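Novice: Handing over query-v9.cif, mmCIF, C-alpha atoms, pLDDT in the B column; chains and numbers go by the auth columns.
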data_run
loop_
_atom_site.group_PDB
_atom_site.id
_atom_site.type_symbol
_atom_site.label_atom_id
_atom_site.label_comp_id
_atom_site.label_asym_id
_atom_site.label_seq_id
_atom_site.Cartn_x
_atom_site.Cartn_y
_atom_site.Cartn_z
_atom_site.B_iso_or_equiv
_atom_site.auth_seq_id
_atom_site.auth_asym_id
ATOM 1 C CA MET A 1 -11.136 7.427 29.159 77.00 1 A
ATOM 2 C CA ILE A 2 -7.489 8.274 29.673 87.00 2 A
ATOM 3 C CA LYS A 3 -7.656 10.197 26.391 90.00 3 A
ATOM 4 C CA LEU A 4 -9.410 13.014 28.300 91.00 4 A
ATOM 5 C CA LEU A 5 -5.968 13.886 29.672 92.00 5 A
ATOM 6 C CA ASP A 6 -5.197 15.359 26.219 91.00 6 A
ATOM 7 C CA LYS A 7 -7.337 18.383 27.147 91.00 7 A
ATOM 8 C CA LEU A 8 -4.681 19.396 29.678 91.00 8 A
ATOM 9 C CA PRO A 9 -1.486 21.111 28.460 91.00 9 A
ATOM 10 C CA SER A 10 1.372 18.625 28.710 90.00 10 A
ATOM 11 C CA GLU A 11 3.352 20.854 31.108 93.00 11 A
ATOM 12 C CA GLU A 12 0.467 20.698 33.635 92.00 12 A
ATOM 13 C CA CYS A 13 0.067 16.933 33.371 94.00 13 A
ATOM 14 C CA PRO A 14 2.687 15.945 36.013 95.00 14 A
ATOM 15 C CA LYS A 15 1.029 18.186 38.628 95.00 15 A
ATOM 16 C CA LEU A 16 -2.392 16.620 37.997 95.00 16 A
ATOM 17 C CA VAL A 17 -1.045 13.071 38.092 95.00 17 A
ATOM 18 C CA HIS A 18 0.800 13.738 41.362 96.00 18 A
ATOM 19 C CA ARG A 19 -2.417 15.132 42.847 96.00 19 A
ATOM 20 C CA VAL A 20 -4.258 11.961 41.727 96.00 20 A
ATOM 21 C CA VAL A 21 -1.554 9.891 43.447 96.00 21 A
ATOM 22 C CA ASP A 22 -2.071 12.018 46.570 96.00 22 A
ATOM 23 C CA GLY A 23 -5.742 11.007 46.420 95.00 23 A
ATOM 24 C CA VAL A 24 -4.857 7.330 45.991 95.00 24 A
ATOM 25 C CA CYS A 25 -2.567 7.643 49.032 94.00 25 A
ATOM 26 C CA GLY A 26 -5.369 9.044 51.179 91.00 26 A
ATOM 27 C CA ARG A 27 -4.506 12.727 50.990 93.00 27 A
ATOM 28 C CA SER A 28 -6.339 15.512 49.222 93.00 28 A
ATOM 29 C CA GLY A 29 -6.693 14.751 45.524 93.00 29 A
ATOM 30 C CA PRO A 30 -7.109 17.205 42.664 94.00 30 A
ATOM 31 C CA ARG A 31 -10.083 19.568 42.518 92.00 31 A
ATOM 32 C CA ARG A 32 -11.872 20.226 39.271 90.00 32 A
ATOM 33 C CA THR A 33 -11.995 23.959 39.984 88.00 33 A
ATOM 34 C CA ASP A 34 -8.179 24.104 39.897 88.00 34 A
ATOM 35 C CA TYR A 35 -8.254 23.137 36.220 83.00 35 A
ATOM 36 C CA GLY A 36 -10.897 25.529 34.936 76.00 36 A
ATOM 37 C CA GLU A 37 -13.629 24.309 32.652 83.00 37 A
ATOM 38 C CA ARG A 38 -11.513 21.913 30.566 89.00 38 A
ATOM 39 C CA TRP A 39 -13.754 18.984 31.437 91.00 39 A
ATOM 40 C CA SER A 40 -17.436 18.612 32.112 91.00 40 A
ATOM 41 C CA LEU A 41 -18.304 17.138 35.499 91.00 41 A
ATOM 42 C CA ALA A 42 -18.908 13.714 33.931 91.00 42 A
ATOM 43 C CA GLU A 43 -15.573 13.873 32.071 93.00 43 A
ATOM 44 C CA TRP A 44 -13.747 14.939 35.248 93.00 44 A
ATOM 45 C CA VAL A 45 -15.187 12.040 37.254 93.00 45 A
ATOM 46 C CA GLU A 46 -14.371 9.615 34.420 94.00 46 A
ATOM 47 C CA LEU A 47 -10.789 10.923 34.133 94.00 47 A
ATOM 48 C CA MET A 48 -10.180 10.756 37.901 95.00 48 A
ATOM 49 C CA ASN A 49 -11.608 7.235 38.142 95.00 49 A
ATOM 50 C CA THR A 50 -9.592 6.081 35.135 95.00 50 A
ATOM 51 C CA LEU A 51 -6.311 7.592 36.341 95.00 51 A
ATOM 52 C CA SER A 52 -6.638 6.352 39.915 95.00 52 A
ATOM 53 C CA SER A 53 -7.687 2.868 38.741 94.00 53 A
ATOM 54 C CA LEU A 54 -4.765 2.714 36.329 95.00 54 A
ATOM 55 C CA ILE A 55 -2.318 3.799 39.038 95.00 55 A
ATOM 56 C CA ARG A 56 -3.704 1.286 41.572 94.00 56 A
ATOM 57 C CA PHE A 57 -3.630 -1.480 38.941 94.00 57 A
ATOM 58 C CA ALA A 58 -0.084 -0.707 37.782 94.00 58 A
ATOM 59 C CA VAL A 59 1.335 -0.597 41.302 94.00 59 A
ATOM 60 C CA GLY A 60 -0.803 -3.418 42.691 91.00 60 A
ATOM 61 C CA ARG A 61 0.269 -5.743 39.886 90.00 61 A
ATOM 62 C CA GLY A 62 3.858 -4.478 39.889 91.00 62 A
ATOM 63 C CA CYS A 63 3.690 -3.625 36.194 92.00 63 A
ATOM 64 C CA SER A 64 6.929 -2.926 34.358 93.00 64 A
ATOM 65 C CA ASP A 65 7.508 0.400 32.597 93.00 65 A
ATOM 66 C CA GLN A 66 6.656 -1.246 29.283 93.00 66 A
ATOM 67 C CA GLU A 67 3.371 -2.626 30.650 94.00 67 A
ATOM 68 C CA ILE A 68 2.427 0.797 32.017 93.00 68 A
ATOM 69 C CA GLN A 69 3.229 2.390 28.654 92.00 69 A
ATOM 70 C CA GLU A 70 0.957 -0.155 26.978 93.00 70 A
ATOM 71 C CA LEU A 71 -1.826 0.862 29.377 92.00 71 A
ATOM 72 C CA LEU A 72 -1.191 4.472 28.359 92.00 72 A
ATOM 73 C CA SER A 73 -1.011 3.790 24.616 92.00 73 A
ATOM 74 C CA ASP A 74 -3.938 6.159 23.913 91.00 74 A
ATOM 75 C CA LEU A 75 -1.943 9.135 25.214 92.00 75 A
ATOM 76 C CA ASP A 76 0.725 11.117 23.423 91.00 76 A
ATOM 77 C CA THR A 77 4.310 10.474 24.502 91.00 77 A
ATOM 78 C CA SER A 78 4.763 13.472 26.829 92.00 78 A
ATOM 79 C CA ARG A 79 1.617 12.764 28.842 93.00 79 A
ATOM 80 C CA ALA A 80 2.298 9.029 29.012 93.00 80 A
ATOM 81 C CA GLU A 81 5.834 9.776 30.200 94.00 81 A
ATOM 82 C CA ALA A 82 4.470 12.132 32.900 94.00 82 A
ATOM 83 C CA VAL A 83 2.193 9.397 34.247 95.00 83 A
ATOM 84 C CA LEU A 84 4.979 6.808 34.079 95.00 84 A
ATOM 85 C CA GLN A 85 7.469 9.094 35.855 95.00 85 A
ATOM 86 C CA CYS A 86 4.970 9.820 38.633 95.00 86 A
ATOM 87 C CA VAL A 87 4.144 6.143 39.159 95.00 87 A
ATOM 88 C CA ARG A 88 7.829 5.198 39.070 94.00 88 A
ATOM 89 C CA SER A 89 8.909 7.933 41.499 95.00 89 A
ATOM 90 C CA ARG A 90 6.105 7.301 43.999 95.00 90 A
ATOM 91 C CA PHE A 91 5.800 3.525 43.580 94.00 91 A
ATOM 92 C CA ALA A 92 6.744 2.655 47.188 93.00 92 A
ATOM 93 C CA GLU A 93 4.399 5.297 48.621 95.00 93 A
ATOM 94 C CA ILE A 94 1.481 4.092 46.476 95.00 94 A
ATOM 95 C CA ARG A 95 2.185 0.464 47.332 93.00 95 A
ATOM 96 C CA HIS A 96 2.272 1.289 51.042 92.00 96 A
ATOM 97 C CA ALA A 97 -1.096 3.074 50.772 93.00 97 A
ATOM 98 C CA LEU A 98 -2.620 0.107 48.923 91.00 98 A
ATOM 99 C CA VAL A 99 -1.317 -2.336 51.547 87.00 99 A
ATOM 100 C CA ASP A 100 -2.659 -0.131 54.347 84.00 100 A
ATOM 101 C CA ARG A 101 -6.057 0.022 52.642 86.00 101 A
ATOM 102 C CA THR A 102 -6.092 -3.769 52.284 82.00 102 A
ATOM 103 C CA ASN A 103 -5.034 -4.301 55.904 76.00 103 A
ATOM 104 C CA ALA A 104 -7.762 -1.949 57.094 74.00 104 A
ATOM 105 C CA ILE A 105 -10.387 -4.397 55.822 77.00 105 A
ATOM 106 C CA SER A 106 -9.944 -6.443 58.989 76.00 106 A
ATOM 107 C CA SER A 107 -8.583 -5.174 62.262 77.00 107 A
ATOM 108 C CA THR A 108 -8.064 -8.675 63.672 84.00 108 A
ATOM 109 C CA GLN A 109 -4.571 -10.166 63.601 83.00 109 A
ATOM 110 C CA LEU A 110 -3.368 -13.618 64.596 86.00 110 A
ATOM 111 C CA GLN A 111 -0.755 -13.299 67.333 90.00 111 A
ATOM 112 C CA ASP A 112 -0.155 -16.966 68.177 93.00 112 A
ATOM 113 C CA PHE A 113 -1.740 -20.387 67.906 93.00 113 A
ATOM 114 C CA ASN A 114 -1.505 -23.731 69.644 95.00 114 A
ATOM 115 C CA TRP A 115 -2.977 -27.107 68.803 93.00 115 A
ATOM 116 C CA GLN A 116 -3.640 -30.338 70.622 95.00 116 A
ATOM 117 C CA LEU A 117 -4.748 -33.676 69.189 92.00 117 A
ATOM 118 C CA LYS A 118 -7.140 -35.768 71.250 90.00 118 A
ATOM 119 C CA LEU A 119 -8.779 -39.116 70.762 86.00 119 A
ATOM 120 C CA ALA A 120 -12.379 -39.317 71.950 79.00 120 A
ATOM 121 C CA LEU A 121 -12.843 -42.925 73.008 77.00 121 A
ATOM 122 C CA SER A 122 -16.526 -42.691 73.926 70.00 122 A
ATOM 123 C CA SER A 123 -19.360 -40.252 74.507 66.00 123 A
ATOM 124 C CA ASP A 124 -22.597 -40.239 76.465 67.00 124 A
ATOM 125 C CA LYS A 125 -24.386 -41.480 73.317 67.00 125 A
ATOM 126 C CA LEU A 126 -21.861 -44.000 71.972 59.00 126 A
ATOM 127 C CA SER A 127 -19.800 -46.399 74.016 61.00 127 A
ATOM 128 C CA ALA A 128 -17.063 -46.821 71.391 63.00 128 A
ATOM 129 C CA LEU A 129 -16.341 -43.610 69.472 71.00 129 A
ATOM 130 C CA ASN A 130 -12.599 -43.591 68.698 75.00 130 A
ATOM 131 C CA THR A 131 -12.761 -40.206 66.935 83.00 131 A
ATOM 132 C CA PRO A 132 -9.673 -38.006 66.634 89.00 132 A
ATOM 133 C CA LEU A 133 -10.355 -34.365 67.541 91.00 133 A
ATOM 134 C CA LEU A 134 -8.133 -31.339 67.135 93.00 134 A
ATOM 135 C CA ASN A 135 -8.278 -28.481 69.624 95.00 135 A
ATOM 136 C CA LEU A 136 -6.995 -25.301 68.000 94.00 136 A
ATOM 137 C CA SER A 137 -6.363 -22.276 70.200 95.00 137 A
ATOM 138 C CA LEU A 138 -5.955 -18.923 68.416 94.00 138 A
ATOM 139 C CA ASP A 139 -4.627 -15.845 70.195 94.00 139 A
ATOM 140 C CA LEU A 140 -6.041 -12.830 68.348 91.00 140 A
ATOM 141 C CA LYS A 141 -5.471 -9.105 68.668 88.00 141 A
ATOM 142 C CA GLU A 142 -8.401 -6.910 67.652 84.00 142 A
ATOM 143 C CA ASN A 143 -8.147 -3.128 68.012 79.00 143 A
ATOM 144 C CA GLY A 144 -5.379 -3.566 70.586 79.00 144 A
ATOM 145 C CA ILE A 145 -7.360 -6.054 72.689 88.00 145 A
ATOM 146 C CA GLN A 146 -6.080 -9.619 73.098 92.00 146 A
ATOM 147 C CA ARG A 147 -8.591 -12.454 73.032 92.00 147 A
ATOM 148 C CA SER A 148 -8.427 -16.217 72.715 94.00 148 A
ATOM 149 C CA VAL A 149 -10.599 -18.393 70.483 94.00 149 A
ATOM 150 C CA ASN A 150 -10.746 -22.171 70.949 95.00 150 A
ATOM 151 C CA ILE A 151 -12.008 -24.417 68.172 94.00 151 A
ATOM 152 C CA GLU A 152 -12.590 -28.179 68.243 94.00 152 A
ATOM 153 C CA MET A 153 -12.593 -29.925 64.864 93.00 153 A
ATOM 154 C CA ASN A 154 -13.111 -33.445 63.645 91.00 154 A
ATOM 155 C CA LYS A 155 -11.081 -34.946 60.805 90.00 155 A
ATOM 156 C CA GLU A 156 -13.355 -33.622 58.025 93.00 156 A
ATOM 157 C CA GLU A 157 -13.445 -30.087 59.431 94.00 157 A
ATOM 158 C CA LEU A 158 -9.662 -30.122 59.800 92.00 158 A
ATOM 159 C CA GLN A 159 -9.269 -31.249 56.185 94.00 159 A
ATOM 160 C CA THR A 160 -11.511 -28.367 55.041 94.00 160 A
ATOM 161 C CA LEU A 161 -9.402 -25.888 57.053 92.00 161 A
ATOM 162 C CA ILE A 162 -6.164 -27.275 55.605 93.00 162 A
ATOM 163 C CA SER A 163 -7.535 -27.026 52.043 95.00 163 A
ATOM 164 C CA ALA A 164 -8.589 -23.413 52.605 93.00 164 A
ATOM 165 C CA LEU A 165 -5.172 -22.510 54.053 91.00 165 A
ATOM 166 C CA GLU A 166 -3.370 -24.206 51.150 93.00 166 A
ATOM 167 C CA ALA A 167 -5.499 -22.257 48.658 91.00 167 A
ATOM 168 C CA ALA A 168 -4.718 -19.002 50.486 87.00 168 A
ATOM 169 C CA ASN A 169 -1.020 -19.878 50.466 86.00 169 A
ATOM 170 C CA LYS A 170 -1.095 -20.452 46.696 87.00 170 A
ATOM 171 C CA VAL A 171 -2.643 -17.002 46.213 83.00 171 A
ATOM 172 C CA MET A 172 0.034 -15.435 48.448 79.00 172 A
ATOM 173 C CA ILE A 173 2.824 -17.197 46.551 81.00 173 A
ATOM 174 C CA LYS A 174 1.341 -16.099 43.228 75.00 174 A
ATOM 175 C CA ASP A 175 1.140 -12.477 44.443 64.00 175 A
ATOM 176 C CA LYS A 176 4.751 -12.581 45.697 62.00 176 A
ATOM 177 C CA VAL A 177 5.929 -13.902 42.329 56.00 177 A
ATOM 178 C CA MET A 178 4.062 -11.076 40.585 55.00 178 A
ATOM 179 C CA ASP A 179 5.737 -8.538 42.923 50.00 179 A
ATOM 180 C CA TYR A 180 9.129 -9.499 41.520 46.00 180 A
#
Output the file's structure in the form of structure tokens.

Specialist:
Amino acid sequence: MIKLLDKLPSEECPKLVHRVVDGVCGRSGPRRTDYGERWSLAEWVELMNTLSSLIRFAVGRGCSDQEIQELLSDLDTSRAEAVLQCVRSRFAEIRHALVDRTNAISSTQLQDFNWQLKLALSSDKLSALNTPLLNLSLDLKENGIQRSVNIEMNKEELQTLISALEAANKVMIKDKVMDY
């Protein structure tokens, strides 16, 4: 309900939007008490959720000014311009905060990897096996601590891993294209 922003005088709108951006960036966001009794508690929560979601969406998707204005079409021109100016001026800061939030999901990072292809000629159960096996060694860093993980895969498991990595790569390429 972005329309709830109409209850705020247009000259106070930039201050509120910048405070919402502060909240999105992990700092102290706006407090309802600073804006009197313009909104009920339910309206305040709805407005804050709507504004912060809109800001995260616009920056996360790399929306153009025109696309942001379309998202703000329910607002009058001065308020829509205040939101647009704030998003435009703090775009890099918001983007950095969103990336940090996404990176915080997992603290494990791949530092290096090594692979080795082996051919298992036989086992204790079969005299003639002839199965190719891949040994994959991953050097990971988790919370500043280095550790190594070794994985042995057969052909089918390797194919599944390759398919998953290709799908992840397609998503990354799509996101990079949307960034530009």

Novice: Work out how far atom CA of Thr108 of chain A is from atom CA of Met153 of chain A, in Å to one decimal.

Specialist: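 Taking atom CA of Met153 of chain A and atom CA of Thr108 of chain A, their separation equals 21.8 Å.
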
Novice: Counting all atoms listed in the file, what is within 12 Å of Phe113 of chain A, bar same-chain residues fewer than 5 positions away, as a PyMOL selection string?

Specialist: chain A and resi 135-141+147-151

Novice: Quick one: pull the distance between atom CA of Val17 of chain A and atom CA of Ala82 of chain A, Å, one decimal.

Specialist: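 Distance reported for this atom pair: 7.6 Å.
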
Novice: Name every residue that the PyMOL selection byres ((chain A and resi 87-93) around 10) selects in this structure, writing the answer as a PyMOL selection string with chains first and numbers rising.

Specialist: chain A and resi 17-18+21-22+24-25+54-56+58-60+62+64-65+68+81-86+94-99

Novice: Can I get the selection written as a PDB file, keeping the file's coordinate frame, with C-alpha atoms?

Specialist:
ATOM      1  CA  VAL A  17      -1.045  13.071  38.092  1.00 95.00           C
ATOM      2  CA  HIS A  18       0.800  13.738  41.362  1.00 96.00           C
ATOM      3  CA  VAL A  21      -1.554   9.891  43.447  1.00 96.00           C
ATOM      4  CA  ASP A  22      -2.071  12.018  46.570  1.00 96.00           C
ATOM      5  CA  VAL A  24      -4.857   7.330  45.991  1.00 95.00           C
ATOM      6  CA  CYS A  25      -2.567   7.643  49.032  1.00 94.00           C
ATOM      7  CA  LEU A  54      -4.765   2.714  36.329  1.00 95.00           C
ATOM      8  CA  ILE A  55      -2.318   3.799  39.038  1.00 95.00           C
ATOM      9  CA  ARG A  56      -3.704   1.286  41.572  1.00 94.00           C
ATOM     10  CA  ALA A  58      -0.084  -0.707  37.782  1.00 94.00           C
ATOM     11  CA  VAL A  59       1.335  -0.597  41.302  1.00 94.00           C
ATOM     12  CA  GLY A  60      -0.803  -3.418  42.691  1.00 91.00           C
ATOM     13  CA  GLY A  62       3.858  -4.478  39.889  1.00 91.00           C
ATOM     14  CA  SER A  64       6.929  -2.926  34.358  1.00 93.00           C
ATOM     15  CA  ASP A  65       7.508   0.400  32.597  1.00 93.00           C
ATOM     16  CA  ILE A  68       2.427   0.797  32.017  1.00 93.00           C
ATOM     17  CA  GLU A  81       5.834   9.776  30.200  1.00 94.00           C
ATOM     18  CA  ALA A  82       4.470  12.132  32.900  1.00 94.00           C
ATOM     19  CA  VAL A  83       2.193   9.397  34.247  1.00 95.00           C
ATOM     20  CA  LEU A  84       4.979   6.808  34.079  1.00 95.00           C
ATOM     21  CA  GLN A  85       7.469   9.094  35.855  1.00 95.00           C
ATOM     22  CA  CYS A  86       4.970   9.820  38.633  1.00 95.00           C
ATOM     23  CA  ILE A  94       1.481   4.092  46.476  1.00 95.00           C
ATOM     24  CA  ARG A  95       2.185   0.464  47.332  1.00 93.00           C
ATOM     25  CA  HIS A  96       2.272   1.289  51.042  1.00 92.00           C
ATOM     26  CA  ALA A  97      -1.096   3.074  50.772  1.00 93.00           C
ATOM     27  CA  LEU A  98      -2.620   0.107  48.923  1.00 91.00           C
ATOM     28  CA  VAL A  99      -1.317  -2.336  51.547  1.00 87.00           C
TER      29      VAL A  99
END

Novice: Given the file above and the PyMOL selection byres ((chain A and resi 117) around 8), which residues are selected, and can you give them as a list in words?

Specialist: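 On this input, the PyMOL selection byres ((chain A and resi 117) around 8) captures Trp115, Gln116, Lys118, Leu119, Pro132, Leu133, Leu134 and Asn135 of chain A.
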
Novice: What are the centre and the three edge lengths of an axis-aligned box that wraps all atoms of segment 18-32 of chain A in the file, given that 5 Å is added to every side, written as lines of an AutoDock Vina configuration file and rounded to one decimal in Å?

Specialist:
center_x = -5.5
center_y = 13.8
center_z = 45.2
size_x = 22.7
size_y = 22.9
size_z = 21.9

Novice: Between atom CA of Lys174 of chain A and atom CA of Val20 of chain A, what is the spacing in Å?

Specialist: 28.7 Å

Novice: I'd like the contact shell of segment 36-46 of chain A - 10 Å cut-off, all atoms listed in the file, skipping same-chain residues fewer than 2 positions apart - returned as a list in words.

Specialist: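 Close residues of segment 36-46 of chain A: Met1, Ile2, Leu4, Leu5, Lys7, Leu8, Arg31, Arg32, Thr33, Asp34, Met48, Asn49, Thr50 and Leu51 of chain A.
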